[in-house]
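For reference, model.cif (mmCIF, C-alpha atoms and all ligand atoms):
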```
data_coords
#
loop_
_atom_site.label_atom_id
_atom_site.label_comp_id
_atom_site.auth_asym_id
_atom_site.auth_seq_id
_atom_site.Cartn_x
_atom_site.Cartn_y
_atom_site.Cartn_z
CA MET X 21 -17.98 118.48 127.70
CA LYS X 22 -15.86 117.69 130.75
CA ILE X 23 -18.96 116.45 132.60
CA ARG X 24 -19.87 114.20 129.65
CA ILE X 25 -16.37 112.74 129.55
CA PHE X 26 -16.51 112.20 133.31
CA ILE X 27 -19.88 110.40 133.08
CA LEU X 28 -18.69 108.27 130.15
CA SER X 29 -15.50 107.36 132.03
CA ALA X 30 -17.50 106.47 135.11
CA LEU X 31 -19.79 104.22 133.05
CA ILE X 32 -16.83 102.46 131.45
CA VAL X 33 -15.21 101.89 134.83
CA ALA X 34 -18.50 100.68 136.31
CA SER X 35 -19.11 98.22 133.46
CA ALA X 36 -15.53 96.96 133.72
CA CYS X 37 -16.04 96.40 137.44
CA ILE X 38 -19.29 94.49 136.85
CA ALA X 39 -17.64 92.35 134.17
CA ALA X 40 -14.72 91.69 136.49
CA SER X 41 -16.85 90.78 139.51
CA ALA X 42 -16.01 87.28 140.63
CA GLN X 43 -18.86 84.84 141.13
CA ASP X 44 -19.59 81.76 143.20
CA LEU X 45 -19.50 78.60 141.05
CA LEU X 46 -21.88 76.90 143.49
CA ALA X 47 -24.62 79.39 142.59
CA GLY X 48 -25.14 77.27 139.46
CA ASN X 49 -27.04 74.65 141.56
CA TYR X 50 -25.54 71.83 139.53
CA LYS X 51 -26.95 68.30 139.70
CA LYS X 52 -24.24 66.27 137.94
CA ALA X 53 -20.57 67.18 137.70
CA LEU X 54 -17.58 65.61 135.97
CA ILE X 55 -14.08 66.65 137.02
CA ILE X 56 -11.71 65.66 134.22
CA GLY X 57 -8.01 65.51 135.08
CA ALA X 58 -5.08 64.16 133.12
CA HIS X 59 -3.60 62.04 135.93
CA PRO X 60 -4.60 60.38 139.18
CA ASP X 61 -4.31 63.16 141.79
CA ASP X 62 -5.23 66.00 139.38
CA PRO X 63 -8.98 66.15 140.15
CA GLU X 64 -8.12 65.90 143.83
CA SER X 65 -5.58 68.73 143.74
CA MET X 66 -7.46 71.09 141.46
CA ALA X 67 -11.11 70.84 142.45
CA TYR X 68 -11.80 68.25 145.13
CA GLY X 69 -12.90 70.90 147.62
CA THR X 70 -15.48 71.99 145.09
CA ALA X 71 -16.42 68.34 144.46
CA LEU X 72 -17.10 67.86 148.17
CA ARG X 73 -19.08 71.10 148.42
CA LEU X 74 -21.14 70.15 145.35
CA ARG X 75 -21.91 66.74 146.81
CA GLU X 76 -23.10 68.33 150.06
CA MET X 77 -25.58 70.25 147.92
CA GLY X 78 -26.95 67.03 146.38
CA CYS X 79 -24.86 67.04 143.20
CA ASP X 80 -23.66 63.69 141.81
CA VAL X 81 -19.89 64.10 141.27
CA VAL X 82 -17.64 61.84 139.19
CA THR X 83 -13.88 62.24 138.74
CA VAL X 84 -12.42 61.24 135.37
CA TYR X 85 -8.74 60.40 134.89
CA LEU X 86 -7.49 60.59 131.32
CA THR X 87 -4.60 58.24 132.19
CA ARG X 88 -3.56 55.96 135.04
CA GLY X 89 -0.33 57.90 135.64
CA GLU X 90 1.80 55.27 133.88
CA ALA X 91 4.87 57.49 133.63
CA GLY X 92 4.58 58.99 137.10
CA ILE X 93 6.69 56.78 139.35
CA PRO X 94 10.47 56.74 138.75
CA GLY X 95 11.90 53.22 138.64
CA LYS X 96 8.54 51.56 137.95
CA THR X 97 7.32 50.19 134.63
CA HIS X 98 4.18 51.66 133.11
CA ASP X 99 2.17 48.65 134.22
CA GLU X 100 3.53 48.79 137.77
CA ALA X 101 2.89 52.52 138.09
CA ALA X 102 -0.61 52.20 136.62
CA ALA X 103 -1.46 49.47 139.15
CA ILE X 104 -0.18 51.53 142.10
CA ARG X 105 -1.94 54.68 141.00
CA THR X 106 -5.20 52.90 140.11
CA ALA X 107 -5.21 51.51 143.66
CA GLU X 108 -4.71 55.04 145.02
CA CYS X 109 -7.74 56.25 143.05
CA GLU X 110 -9.82 53.36 144.37
CA LYS X 111 -8.76 54.24 147.91
CA VAL X 112 -9.92 57.84 147.41
CA THR X 113 -13.32 56.63 146.21
CA ALA X 114 -13.60 54.25 149.17
CA MET X 115 -12.79 57.16 151.48
CA THR X 116 -15.09 59.80 150.01
CA GLY X 117 -17.73 57.88 148.06
CA ILE X 118 -17.06 60.00 144.97
CA ARG X 119 -17.07 57.68 141.94
CA HIS X 120 -14.20 57.72 139.45
CA LEU X 121 -13.70 56.65 135.83
CA PHE X 122 -10.63 56.07 133.69
CA LEU X 123 -10.12 56.80 130.02
CA ASN X 124 -7.41 54.78 128.31
CA GLN X 125 -4.83 57.39 127.43
CA ILE X 126 -1.19 56.98 128.46
CA ASP X 127 0.55 59.37 130.86
CA GLY X 128 3.07 61.52 129.00
CA SER X 129 1.82 60.33 125.61
CA SER X 130 -1.77 61.52 125.62
CA GLU X 131 -3.31 62.39 122.28
CA VAL X 132 -5.71 64.88 120.81
CA THR X 133 -7.12 63.09 117.76
CA ASN X 134 -10.55 62.69 116.19
CA GLU X 135 -10.93 59.36 118.01
CA ARG X 136 -10.00 60.91 121.37
CA TYR X 137 -12.38 63.82 120.79
CA LEU X 138 -15.16 61.30 120.13
CA GLU X 139 -14.23 59.27 123.21
CA VAL X 140 -14.63 62.26 125.55
CA LYS X 141 -17.78 63.44 123.78
CA GLU X 142 -19.36 59.99 124.19
CA LEU X 143 -18.33 59.83 127.84
CA ILE X 144 -20.01 63.17 128.46
CA GLU X 145 -23.14 62.11 126.58
CA ARG X 146 -23.32 58.94 128.69
CA GLU X 147 -22.80 60.73 132.01
CA ASN X 148 -24.91 63.74 130.99
CA PRO X 149 -23.41 66.33 133.38
CA ASP X 150 -24.60 69.91 133.72
CA LEU X 151 -21.10 70.89 134.91
CA VAL X 152 -17.64 69.87 133.70
CA ILE X 153 -14.44 71.07 135.36
CA THR X 154 -11.06 70.47 133.74
CA HIS X 155 -7.54 71.85 133.39
CA TRP X 156 -6.81 75.33 132.08
CA PRO X 157 -5.20 74.85 128.63
CA ILE X 158 -2.18 77.11 129.24
CA ASP X 159 -0.22 74.70 131.40
CA SER X 160 3.33 73.41 131.41
CA HIS X 161 2.17 69.77 131.22
CA ARG X 162 1.15 68.47 127.81
CA ASP X 163 -1.38 66.01 129.24
CA HIS X 164 -3.10 68.82 131.14
CA ARG X 165 -3.36 70.86 127.95
CA HIS X 166 -4.80 67.85 126.13
CA ALA X 167 -7.46 67.27 128.78
CA ALA X 168 -8.58 70.89 128.39
CA LEU X 169 -8.78 70.65 124.60
CA LEU X 170 -10.73 67.39 124.67
CA ALA X 171 -13.27 68.76 127.17
CA ASN X 172 -13.62 72.01 125.26
CA ASP X 173 -14.31 70.16 122.02
CA ALA X 174 -16.97 67.99 123.68
CA TRP X 175 -18.58 71.14 125.08
CA ARG X 176 -18.81 72.59 121.58
CA ARG X 177 -19.90 69.37 119.86
CA THR X 178 -22.70 68.72 122.33
CA GLY X 179 -24.11 72.23 121.88
CA ARG X 180 -22.72 73.36 125.28
CA HIS X 181 -25.42 71.46 127.20
CA PHE X 182 -23.25 71.85 130.29
CA ASP X 183 -21.26 74.63 131.89
CA LEU X 184 -17.51 74.23 131.35
CA PHE X 185 -15.05 75.57 133.89
CA TYR X 186 -11.26 75.48 133.85
CA THR X 187 -9.21 75.35 137.02
CA GLU X 188 -5.59 75.47 138.14
CA VAL X 189 -2.92 73.10 139.40
CA MET X 190 0.30 74.33 141.00
CA ALA X 191 -0.46 77.87 139.82
CA GLY X 192 2.59 79.68 138.54
CA LEU X 193 4.54 76.48 138.00
CA GLN X 194 2.09 74.49 135.85
CA THR X 195 -1.01 76.64 135.24
CA THR X 196 -0.19 80.14 133.93
CA ASN X 197 -2.09 83.12 132.49
CA PHE X 198 -5.01 82.17 134.70
CA ASN X 199 -7.44 85.08 135.15
CA HIS X 200 -10.22 83.46 137.09
CA THR X 201 -13.89 84.45 137.10
CA HIS X 202 -15.36 82.16 139.76
CA TYR X 203 -14.53 80.86 143.24
CA VAL X 204 -15.64 78.20 145.68
CA ASP X 205 -15.08 78.57 149.42
CA ILE X 206 -13.65 75.18 150.42
CA THR X 207 -12.83 76.04 154.04
CA SER X 208 -15.37 73.62 155.53
CA VAL X 209 -14.06 70.67 153.49
CA ARG X 210 -10.38 71.56 153.13
CA GLN X 211 -9.19 68.81 155.46
CA GLN X 212 -11.27 66.21 153.56
CA LYS X 213 -9.76 67.49 150.32
CA LEU X 214 -6.25 67.16 151.72
CA ASP X 215 -6.99 63.67 153.04
CA ALA X 216 -8.10 62.61 149.54
CA TYR X 217 -5.11 64.21 147.83
CA LEU X 218 -2.66 62.71 150.31
CA VAL X 219 -3.83 59.20 149.40
CA HIS X 220 -1.71 59.61 146.26
CA VAL X 221 1.50 58.91 148.20
CA SER X 222 3.28 57.76 145.04
CA GLN X 223 3.30 61.41 143.97
CA MET X 224 4.97 62.71 147.14
CA THR X 225 1.80 64.69 147.73
CA ASP X 226 2.68 65.67 151.30
CA GLY X 227 5.55 67.83 150.04
CA ASN X 228 3.38 69.37 147.35
CA VAL X 229 0.78 70.55 149.85
CA ALA X 230 3.24 72.72 151.75
CA LYS X 231 5.09 73.85 148.65
CA TYR X 232 2.19 74.63 146.30
CA HIS X 233 -1.37 73.95 147.41
CA ASP X 234 -1.34 75.75 150.74
CA THR X 235 -0.13 78.93 149.05
CA MET X 236 -2.47 78.69 146.07
CA GLU X 237 -5.63 77.92 148.04
CA ARG X 238 -4.79 80.46 150.74
CA MET X 239 -4.27 83.16 148.12
CA ARG X 240 -7.62 82.34 146.50
CA GLY X 241 -9.14 82.42 149.97
CA LEU X 242 -7.76 85.92 150.54
CA GLU X 243 -9.28 87.03 147.25
CA TRP X 244 -12.67 85.46 148.05
CA GLN X 245 -12.53 86.58 151.69
CA CYS X 246 -12.52 83.15 153.27
CA GLN X 247 -9.78 80.89 154.60
CA TRP X 248 -9.33 78.50 151.67
CA ALA X 249 -10.75 78.65 148.13
CA GLU X 250 -10.50 77.16 144.66
CA ALA X 251 -10.70 79.38 141.57
CA PHE X 252 -12.15 78.82 138.09
CA ILE X 253 -12.59 80.35 134.65
CA LYS X 254 -15.97 79.84 133.01
CA ALA X 255 -15.89 79.07 129.29
CA ILE X 256 -17.87 81.67 127.38
CA TRP X 257 -19.95 80.78 124.36
CA PRO X 258 -19.80 83.46 121.65
CA LYS X 259 -23.00 84.82 120.14
CA VAL X 260 -22.00 83.47 116.73
CA ASP X 261 -19.72 80.45 116.50
ZN ZN X 301 -1.27 66.07 136.23
#
```

Can I see the file as structure tokens?
Ligand SMILES: [Zn+2]
Amino acid sequence: MKIRIFILSALIVASACIAASAQDLLAGNYKKALIIGAHPDDPESMAYGTALRLREMGCDVVTVYLTRGEAGIPGKTHDEAAAIRTAECEKVTAMTGIRHLFLNQIDGSSEVTNERYLEVKELIERENPDLVITHWPIDSHRDHRHAALLANDAWRRTGRHFDLFYTEVMAGLQTTNFNHTHYVDITSVRQQKLDAYLVHVSQMTDGNVAKYHDTMERMRGLEWQCQWAEAFIKAIWPKVD
């Protein structure tokens, strides 16, 4: 009996280890990726290393900003902030060649409604990605949570024709309860990622790198046994929905 219990325990531990084994997101060999962030600077901070790695592999990458960051510059009106932050996004695209798109939500007042669900679904149908990366829904920022819900709904309503991954921003402060399943080694492109992120000077991005991103990406690198990494959770489709 003791031997049987031992074997059963060993099998349970082994299966748990297999289920918990982290994987490389790039193994998906994706051809078209959308990175959907709530604000200008979100796609850059959360997954731009992965975007650059994907593009090296021949993947067409597009960043999508739900808003133009209207509420993100103290002392500026919504229109003034949107103009400044739109220009920052355009500068990133000019620098990296990675195309970007805007949806017409408003920073700090984003919505999850039937119309907004349809808007994201139609965007995804038009762009036809095989990979979508967005925010993890347990996040301190309402707009980040909304972006995750809108992408998740589009994934379901389009019959999950693409792989959906969630990722983190300022882990511990904004993203929480994040138990990742996938990694990307971004060491070779980390400086390019930083250069793109630092274009968003209106967001005091230089301070954020030292305070948050260095620590987060270094920690993921330690876990994935490389210098710098980004981490992801893959959305799982149940057998019966
Ligand atoms: Zn944000």

What lies within 7 Å of Gln43 (chain X) using all atoms listed in the file, ignoring chain neighbours under 4 positions off, as a ChimeraX atom specification? /X:201-203

As a PyMOL selection string, please: every protein or nucleic acid residue near ligand ZN 301 (chain X) (cut-off 8 Å, counting all atoms listed in the file). chain X and resi 57-62+161+163-164+189

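By chain and then residue number, the residues within 6 Å of region 141-150 of chain X are Lys52, Ala53, Ala174 and Phe182 of chain X, counting only C-alpha atoms and disregarding those fewer than 4 positions away in sequence.
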
Please determine, counting only C-alpha atoms, which residue among X:Ala230, X:Leu123, X:Ala47, X:Leu138 has the shortest atom-to-atom distance to Leu218 (chain X).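 The closest residue to Leu218 (chain X) is X:Ala230.
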
Pick from X:Met224, X:Leu242, X:Ala42, X:Ala167: nearest to Thr87 (chain X), with only C-alpha atoms counted?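 Closest to Thr87 (chain X), using only C-alpha atoms: X:Ala167.
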